[in-house]
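Novice: Data: model-v9.tsv, TSV, C-alpha atoms.
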```tsv
chain	number	residue	atom	x	y	z
A	1	MET	CA	10.41	4.61	-18.83
A	2	ALA	CA	11.53	3.62	-15.38
A	3	GLY	CA	15.06	4.20	-14.18
A	4	LEU	CA	16.67	0.77	-13.78
A	5	GLY	CA	19.16	-0.78	-11.41
A	6	SER	CA	22.68	0.57	-11.55
A	7	ALA	CA	25.91	-0.54	-9.93
A	8	LYS	CA	26.66	3.15	-9.41
A	9	ASN	CA	23.62	3.47	-7.17
A	10	PRO	CA	23.50	0.78	-4.45
A	11	GLU	CA	19.87	1.62	-3.64
A	12	ARG	CA	18.90	0.49	-7.14
A	13	SER	CA	21.30	-2.42	-7.55
A	14	SER	CA	18.77	-5.21	-6.90
A	15	PRO	CA	18.17	-7.30	-10.04
A	16	HIS	CA	14.66	-8.02	-8.75
A	17	LEU	CA	13.92	-4.31	-8.50
A	18	SER	CA	15.35	-3.68	-11.96
A	19	ARG	CA	13.07	-6.36	-13.41
A	20	LEU	CA	10.02	-4.92	-11.65
A	21	LEU	CA	10.73	-1.45	-13.02
A	22	GLU	CA	11.58	-2.56	-16.54
A	23	GLY	CA	9.02	-1.35	-19.06
A	24	LEU	CA	6.72	0.39	-16.59
A	25	PRO	CA	5.35	3.70	-17.97
A	26	VAL	CA	6.76	5.70	-15.07
A	27	THR	CA	9.87	7.60	-14.07
A	28	ASP	CA	11.79	6.60	-10.96
A	29	ARG	CA	13.38	9.37	-8.90
A	30	SER	CA	14.30	10.08	-5.29
A	31	LEU	CA	13.01	13.13	-3.40
A	32	ASP	CA	13.96	14.61	-0.06
A	33	VAL	CA	10.58	14.64	1.68
A	34	ALA	CA	10.61	16.06	5.21
A	35	GLY	CA	14.09	14.66	5.79
A	36	THR	CA	13.32	11.22	4.34
A	37	SER	CA	14.97	10.12	1.10
A	38	THR	CA	11.88	8.92	-0.76
A	39	PRO	CA	11.88	6.95	-4.04
A	40	VAL	CA	8.84	7.94	-6.10
A	41	LEU	CA	7.39	6.39	-9.26
A	42	GLU	CA	5.50	8.92	-11.41
A	43	GLY	CA	3.70	8.71	-14.72
A	44	GLY	CA	0.66	9.64	-16.77
A	45	ASP	CA	-1.44	12.76	-17.21
A	46	GLY	CA	-4.73	13.81	-15.70
A	47	PRO	CA	-6.13	14.19	-12.19
A	48	PRO	CA	-3.48	13.06	-9.68
A	49	VAL	CA	-3.69	9.80	-7.75
A	50	VAL	CA	-1.30	8.97	-4.89
A	51	LEU	CA	-0.91	5.25	-4.10
A	52	LEU	CA	0.35	4.14	-0.65
A	53	HIS	CA	1.46	0.53	-0.13
A	54	GLY	CA	1.19	-1.62	2.98
A	55	VAL	CA	3.42	-3.06	5.72
A	56	GLY	CA	6.68	-4.46	4.40
A	57	GLY	CA	5.63	-3.36	0.92
A	58	PHE	CA	7.14	-1.12	-1.73
A	59	SER	CA	5.97	1.13	-4.55
A	60	GLU	CA	6.71	-1.41	-7.29
A	61	GLU	CA	3.99	-3.74	-5.96
A	62	TRP	CA	1.51	-1.41	-7.72
A	63	GLY	CA	3.12	-2.38	-11.04
A	64	GLY	CA	0.16	-4.55	-12.05
A	65	VAL	CA	-2.21	-1.55	-12.11
A	66	LEU	CA	0.09	1.28	-13.22
A	67	PRO	CA	-0.16	0.64	-16.99
A	68	GLN	CA	-3.93	1.10	-16.81
A	69	LEU	CA	-4.01	4.03	-14.39
A	70	VAL	CA	-1.49	6.21	-16.24
A	71	GLY	CA	-3.86	6.32	-19.21
A	72	SER	CA	-6.23	8.64	-17.35
A	73	HIS	CA	-4.37	9.88	-14.25
A	74	ARG	CA	-1.08	11.32	-13.14
A	75	VAL	CA	0.06	8.65	-10.71
A	76	VAL	CA	2.45	9.22	-7.78
A	77	VAL	CA	3.71	6.11	-5.97
A	78	PRO	CA	6.20	6.54	-3.09
A	79	ASP	CA	7.97	4.08	-0.84
A	80	LEU	CA	6.66	4.72	2.68
A	81	PRO	CA	9.19	5.99	5.25
A	82	GLY	CA	11.51	3.20	6.35
A	83	LEU	CA	10.20	0.75	3.74
A	84	GLY	CA	11.34	-0.20	0.26
A	85	ARG	CA	14.33	1.95	-0.69
A	86	SER	CA	13.43	4.92	1.50
A	87	GLN	CA	15.95	6.20	4.03
A	88	VAL	CA	14.55	7.81	7.17
A	89	GLY	CA	16.39	10.68	8.85
A	90	ALA	CA	16.45	11.50	12.54
A	91	GLY	CA	13.22	11.44	14.53
A	92	ARG	CA	10.51	9.04	15.64
A	93	LEU	CA	8.70	6.92	13.06
A	94	ASP	CA	5.07	7.30	14.11
A	95	ALA	CA	1.67	8.48	12.88
A	96	ALA	CA	2.40	12.19	13.31
A	97	SER	CA	5.71	12.06	11.44
A	98	VAL	CA	4.37	9.90	8.60
A	99	VAL	CA	1.29	12.12	8.12
A	100	ASP	CA	3.60	15.14	8.01
A	101	TRP	CA	5.81	13.32	5.48
A	102	LEU	CA	2.74	12.71	3.31
A	103	ARG	CA	1.75	16.37	3.49
A	104	HIS	CA	5.17	17.37	2.16
A	105	LEU	CA	5.07	14.65	-0.51
A	106	ILE	CA	1.74	15.89	-1.86
A	107	GLU	CA	2.98	19.48	-1.83
A	108	GLN	CA	6.05	18.47	-3.85
A	109	THR	CA	4.36	16.20	-6.39
A	110	CYS	CA	0.74	17.33	-6.90
A	111	SER	CA	-0.39	20.63	-8.38
A	112	GLU	CA	-3.99	19.96	-7.28
A	113	PRO	CA	-5.61	17.90	-4.52
A	114	PRO	CA	-5.14	14.22	-5.42
A	115	THR	CA	-7.18	11.11	-4.85
A	116	LEU	CA	-5.38	9.36	-1.99
A	117	VAL	CA	-5.41	5.55	-2.17
A	118	GLY	CA	-4.03	3.55	0.76
A	119	HIS	CA	-3.64	-0.21	1.10
A	120	SER	CA	-3.39	-1.83	4.57
A	121	LEU	CA	-0.89	0.34	6.50
A	122	GLY	CA	-1.20	2.86	3.66
A	123	GLY	CA	-4.94	3.01	4.39
A	124	SER	CA	-4.25	3.72	8.06
A	125	ILE	CA	-2.01	6.60	6.98
A	126	ALA	CA	-4.44	7.85	4.32
A	127	ALA	CA	-7.34	7.93	6.79
A	128	ARG	CA	-5.31	9.86	9.36
A	129	PHE	CA	-4.22	12.29	6.67
A	130	ALA	CA	-7.83	12.81	5.56
A	131	ILE	CA	-8.84	13.56	9.15
A	132	GLU	CA	-6.13	16.18	9.55
A	133	TYR	CA	-5.72	17.53	6.01
A	134	GLY	CA	-8.95	16.77	4.19
A	135	ASP	CA	-8.70	20.03	2.29
A	136	ARG	CA	-5.44	18.81	0.66
A	137	ILE	CA	-7.06	15.84	-1.14
A	138	SER	CA	-10.11	15.32	-3.36
A	139	ARG	CA	-11.13	11.95	-1.90
A	140	VAL	CA	-9.68	8.95	-0.08
A	141	ILE	CA	-10.00	5.28	-1.04
A	142	LEU	CA	-9.12	2.70	1.60
A	143	VAL	CA	-8.05	-0.75	0.37
A	144	ASP	CA	-8.16	-3.59	2.94
A	145	SER	CA	-7.20	-0.85	5.37
A	146	GLY	CA	-5.82	-0.97	8.85
A	147	SER	CA	-7.21	1.10	11.76
A	148	MET	CA	-10.88	0.65	10.79
A	149	GLY	CA	-11.65	-2.14	13.26
A	150	ARG	CA	-10.12	-4.54	15.77
A	151	PHE	CA	-6.85	-6.00	14.53
A	152	ARG	CA	-7.56	-9.74	14.84
A	153	PRO	CA	-5.93	-11.62	11.94
A	154	ALA	CA	-6.48	-15.34	11.47
A	155	PRO	CA	-4.08	-17.47	13.57
A	156	GLY	CA	-2.59	-19.06	10.46
A	157	MET	CA	-1.86	-15.59	9.09
A	158	VAL	CA	-0.04	-14.56	12.28
A	159	TRP	CA	2.08	-17.71	12.25
A	160	ALA	CA	2.97	-17.26	8.56
A	161	ILE	CA	3.98	-13.62	9.11
A	162	LEU	CA	6.16	-14.48	12.11
A	163	ARG	CA	7.80	-17.41	10.35
A	164	PHE	CA	8.56	-15.39	7.21
A	165	GLY	CA	9.89	-12.49	9.27
A	166	ALA	CA	12.21	-14.81	11.22
A	167	ARG	CA	13.44	-16.69	8.15
A	168	PRO	CA	12.70	-14.82	4.89
A	169	ASN	CA	13.24	-17.60	2.36
A	170	HIS	CA	11.22	-18.92	-0.57
A	171	ALA	CA	9.49	-21.69	1.39
A	172	ASN	CA	8.28	-19.33	4.11
A	173	HIS	CA	7.35	-16.71	1.54
A	174	ASP	CA	5.16	-19.27	-0.20
A	175	ARG	CA	3.44	-20.08	3.13
A	176	PHE	CA	2.98	-16.35	3.72
A	177	LEU	CA	1.45	-15.81	0.27
A	178	ARG	CA	-1.04	-18.63	0.81
A	179	GLN	CA	-2.37	-16.75	3.83
A	180	VAL	CA	-2.29	-13.27	2.27
A	181	LEU	CA	-3.78	-14.24	-1.11
A	182	VAL	CA	-6.67	-16.54	-1.96
A	183	ASN	CA	-5.02	-17.88	-5.11
A	184	PRO	CA	-1.28	-17.20	-5.48
A	185	GLU	CA	-1.14	-19.19	-8.73
A	186	ARG	CA	-3.70	-16.89	-10.32
A	187	ALA	CA	-1.77	-13.86	-9.10
A	188	ALA	CA	1.41	-15.28	-10.64
A	189	ALA	CA	-0.40	-15.71	-13.95
A	190	GLU	CA	-1.62	-12.10	-13.80
A	191	TRP	CA	1.94	-10.82	-13.29
A	192	GLY	CA	3.58	-13.11	-15.82
A	193	ASP	CA	7.38	-13.06	-15.88
A	194	ARG	CA	7.47	-10.23	-13.30
A	195	TRP	CA	6.09	-12.48	-10.57
A	196	SER	CA	9.42	-14.08	-9.67
A	197	ALA	CA	10.94	-10.59	-9.37
A	198	LEU	CA	8.09	-9.50	-7.07
A	199	GLU	CA	8.68	-12.54	-4.86
A	200	GLY	CA	12.45	-12.09	-4.89
A	201	TYR	CA	12.31	-8.42	-3.97
A	202	ASP	CA	9.81	-9.10	-1.19
A	203	ILE	CA	12.14	-11.72	0.30
A	204	GLU	CA	15.15	-9.44	-0.16
A	205	LEU	CA	13.51	-6.57	1.74
A	206	ALA	CA	12.22	-8.88	4.49
A	207	GLY	CA	15.84	-9.78	5.17
A	208	ASN	CA	16.84	-6.12	5.51
A	209	LYS	CA	17.14	-5.30	9.22
A	210	LYS	CA	16.30	-1.60	8.78
A	211	VAL	CA	13.17	-2.44	6.81
A	212	SER	CA	11.98	-5.08	9.27
A	213	THR	CA	12.55	-2.73	12.20
A	214	ALA	CA	10.61	0.06	10.49
A	215	SER	CA	7.80	-2.37	9.61
A	216	GLY	CA	7.43	-3.37	13.26
A	217	GLN	CA	7.30	0.24	14.39
A	218	LEU	CA	4.73	1.18	11.74
A	219	VAL	CA	2.49	-1.75	12.65
A	220	ARG	CA	2.58	-1.06	16.39
A	221	ARG	CA	2.24	2.72	16.14
A	222	ILE	CA	-0.13	3.05	13.16
A	223	ALA	CA	-1.65	0.01	11.42
A	224	ALA	CA	-2.70	-1.92	14.55
A	225	ARG	CA	-4.14	1.17	16.26
A	226	ARG	CA	-7.81	1.77	15.69
A	227	ILE	CA	-8.83	5.31	14.73
A	228	PRO	CA	-11.58	6.64	17.06
A	229	GLN	CA	-15.03	6.41	15.50
A	230	GLU	CA	-15.78	10.07	16.06
A	231	GLN	CA	-12.70	11.04	14.05
A	232	LEU	CA	-13.71	8.81	11.15
A	233	ALA	CA	-17.25	10.17	11.28
A	234	GLY	CA	-15.92	13.72	11.13
A	235	MET	CA	-14.05	13.31	7.84
A	236	LYS	CA	-15.30	15.83	5.28
A	237	VAL	CA	-13.63	14.30	2.22
A	238	PRO	CA	-15.47	11.58	0.24
A	239	VAL	CA	-14.41	8.08	1.31
A	240	ALA	CA	-14.75	4.71	-0.43
A	241	LEU	CA	-13.66	1.18	0.50
A	242	ILE	CA	-12.21	-1.53	-1.76
A	243	TRP	CA	-11.79	-4.89	-0.04
A	244	GLY	CA	-10.98	-8.51	-0.80
A	245	THR	CA	-13.80	-10.70	0.50
A	246	GLY	CA	-11.31	-13.41	1.51
A	247	ASP	CA	-8.98	-11.14	3.49
A	248	ARG	CA	-7.59	-13.04	6.51
A	249	LEU	CA	-5.63	-10.06	7.89
A	250	MET	CA	-8.16	-7.21	7.75
A	251	ARG	CA	-11.32	-9.28	7.58
A	252	PHE	CA	-14.11	-8.35	5.19
A	253	LYS	CA	-16.56	-7.91	8.06
A	254	ILE	CA	-14.50	-4.86	9.06
A	255	ALA	CA	-15.27	-3.32	5.67
A	256	GLU	CA	-18.96	-4.23	5.91
A	257	GLY	CA	-19.29	-2.71	9.37
A	258	THR	CA	-17.37	0.43	8.42
A	259	SER	CA	-19.42	0.92	5.27
A	260	GLU	CA	-22.69	0.52	7.15
A	261	ARG	CA	-21.59	2.75	10.03
A	262	PHE	CA	-20.42	5.71	7.96
A	263	GLY	CA	-22.31	5.24	4.71
A	264	TRP	CA	-19.11	4.84	2.71
A	265	PRO	CA	-19.51	2.90	-0.55
A	266	LEU	CA	-17.90	-0.54	-0.50
A	267	TYR	CA	-16.50	-2.24	-3.60
A	268	PRO	CA	-15.95	-5.94	-2.80
A	269	ILE	CA	-13.35	-7.90	-4.76
A	270	GLU	CA	-14.63	-11.47	-4.78
A	271	ASP	CA	-12.33	-14.49	-4.42
A	272	CYS	CA	-9.50	-12.22	-3.27
A	273	GLY	CA	-7.38	-11.81	-0.17
A	274	HIS	CA	-5.52	-8.93	1.43
A	275	GLY	CA	-3.85	-7.53	-1.72
A	276	PRO	CA	-6.42	-6.90	-4.48
A	277	HIS	CA	-4.00	-4.77	-6.52
A	278	ILE	CA	-1.57	-7.70	-6.52
A	279	GLU	CA	-3.93	-10.66	-6.73
A	280	ARG	CA	-6.60	-9.29	-9.08
A	281	PRO	CA	-5.14	-6.12	-10.65
A	282	GLY	CA	-7.65	-5.82	-13.49
A	283	THR	CA	-10.70	-6.14	-11.24
A	284	PHE	CA	-9.10	-3.84	-8.69
A	285	THR	CA	-8.42	-1.15	-11.31
A	286	GLU	CA	-12.05	-1.25	-12.47
A	287	ALA	CA	-13.25	-0.79	-8.87
A	288	LEU	CA	-10.76	2.02	-8.29
A	289	GLU	CA	-11.79	3.89	-11.43
A	290	THR	CA	-15.46	3.54	-10.42
A	291	ALA	CA	-14.72	4.84	-6.91
A	292	ILE	CA	-12.74	7.80	-8.29
A	293	ALA	CA	-15.51	8.71	-10.74
A	294	ALA	CA	-18.32	8.51	-8.16
A	295	PRO	CA	-20.13	11.77	-7.32
A	296	SER	CA	-18.65	13.58	-4.33
A	297	SER	CA	-21.95	14.08	-2.56
```
Could you rewrite the structure in this file as structure tokens?

Specialist:
Amino acid sequence: MAGLGSAKNPERSSPHLSRLLEGLPVTDRSLDVAGTSTPVLEGGDGPPVVLLHGVGGFSEEWGGVLPQLVGSHRVVVPDLPGLGRSQVGAGRLDAASVVDWLRHLIEQTCSEPPTLVGHSLGGSIAARFAIEYGDRISRVILVDSGSMGRFRPAPGMVWAILRFGARPNHANHDRFLRQVLVNPERAAAEWGDRWSALEGYDIELAGNKKVSTASGQLVRRIAARRIPQEQLAGMKVPVALIWGTGDRLMRFKIAEGTSERFGWPLYPIEDCGHGPHIERPGTFTEALETAIAAPSS
């Protein structure tokens, strides 16, 4: 079971975090990874899968898919450097340092090359890792990923992000969700009584100055920067795409063009926005399991 919030550990004292972790079939520990104190959720047995969240996100946002995945995989879910509960040491927070952090994380947590799954910013990191260290992973799955095409989100999305970042309260979070997701009410029904904790923790972290600063740096230096086409074409590891067809941040046409250009299989999630693992966790898990099981050649 997950380690829960404790007054003796300020990093885990959030009641929202405690509620998100409660009952999940994972352990919750903190590792020193390349000088970054990194909270990691781990659970299950089988071929390893590493899940990387997006900008402003946190490992617990994968909670809707973890109960299914741990039945057939050993799942490793870290907070990215500077985000969630992670504490970054000295040094610049950029693509090179985060890719190096991921190399150390995989070395510390995986006894064999894992499937690397990255959502949004996590996809930008996963793709860069696959380019540099393709021999360290078995395949990479990019979910509504950054760095695949021009970063041109819908104007309403930009305004909602800026407004929520400036004033992280429930009203602005609701406006933000209505841009990020196609149907927030359906997502809330999927998550049940954990949904309010997910919202509360998201708002709590958005109000954390260190987290918001790290988010800005990671967007500018990684997520919003397009990876050169020749580097993507040169990846030797199998690649698949999972994408919400209603994504207003990383538009679905980016996925279609990337799939056609490189011959990477694309698994569309219909009636879904930028966070398939949050908005439609059951459908997302089915697509992920299919992508993992696909032949390598």

Novice: Once you count all atoms listed in the file, what closest atom pair and distance in Å to one decimal does each residue of segment 136-226 of chain A within 12 Å of segment 108-117 of chain A have, with rows by chain and rising residue number, as a Markdown table?

Specialist:
```
| residue | atom | partner | partner_atom | distance |
| --- | --- | --- | --- | --- |
| A:Arg136 | CA | A:Pro113 | CA | 5.3 |
| A:Ile137 | CA | A:Pro113 | CA | 4.2 |
| A:Ser138 | CA | A:Pro113 | CA | 5.3 |
| A:Arg139 | CA | A:Thr115 | CA | 5.0 |
| A:Val140 | CA | A:Leu116 | CA | 4.7 |
| A:Ile141 | CA | A:Val117 | CA | 4.7 |
| A:Leu142 | CA | A:Val117 | CA | 6.0 |
| A:Val143 | CA | A:Val117 | CA | 7.3 |
| A:Asp144 | CA | A:Val117 | CA | 10.8 |
| A:Ser145 | CA | A:Val117 | CA | 10.1 |
```

Novice: Fewer than 6 positions away in the same chain doesn't count, so skip those; otherwise give me all residues within 8 Å of segment 42-52 of chain A, counting all atoms listed in the file, as an MDAnalysis selection string.

Specialist: chainID A and resid 25:28 59 62 69:80 110 112:119 122:123 126

Novice: Taking all atoms listed in the file into account, which of A:Leu121, A:Ala291, A:Val182, A:Cys272 comes nearest Phe151 of chain A?

Specialist: A:Leu121

Novice: Rounded to one decimal in Å, what is the spacing between atom CA of Glu199 of chain A and atom CA of Arg248 of chain A?

Specialist: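 We find that atom CA of Glu199 of chain A and atom CA of Arg248 of chain A lie 19.9 Å from each other.
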
Novice: Do you know which residues are at most 8 Å from His173 of chain A counting all atoms listed in the file, after dropping those on the same chain fewer than 3 positions away, and could you put them as a list in words?

Specialist: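 Everything that qualifies: Phe164, Pro168, Asn169, His170, Phe176, Leu177, Glu199 and Ile203 of chain A.
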
Novice: Using only C-alpha atoms, which protein or nucleic acid residues come within 12 Å of Gly263 of chain A? Drop anything in the same chain fewer than 2 positions from it, and give the result as a list in words.

Specialist: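 Result of the neighbour search: Leu232, Ala233, Met235, Pro238, Val239, Ala240, Leu241, Ala255, Glu256, Gly257, Thr258, Ser259, Glu260, Arg261, Pro265, Leu266 and Ser297 of chain A.
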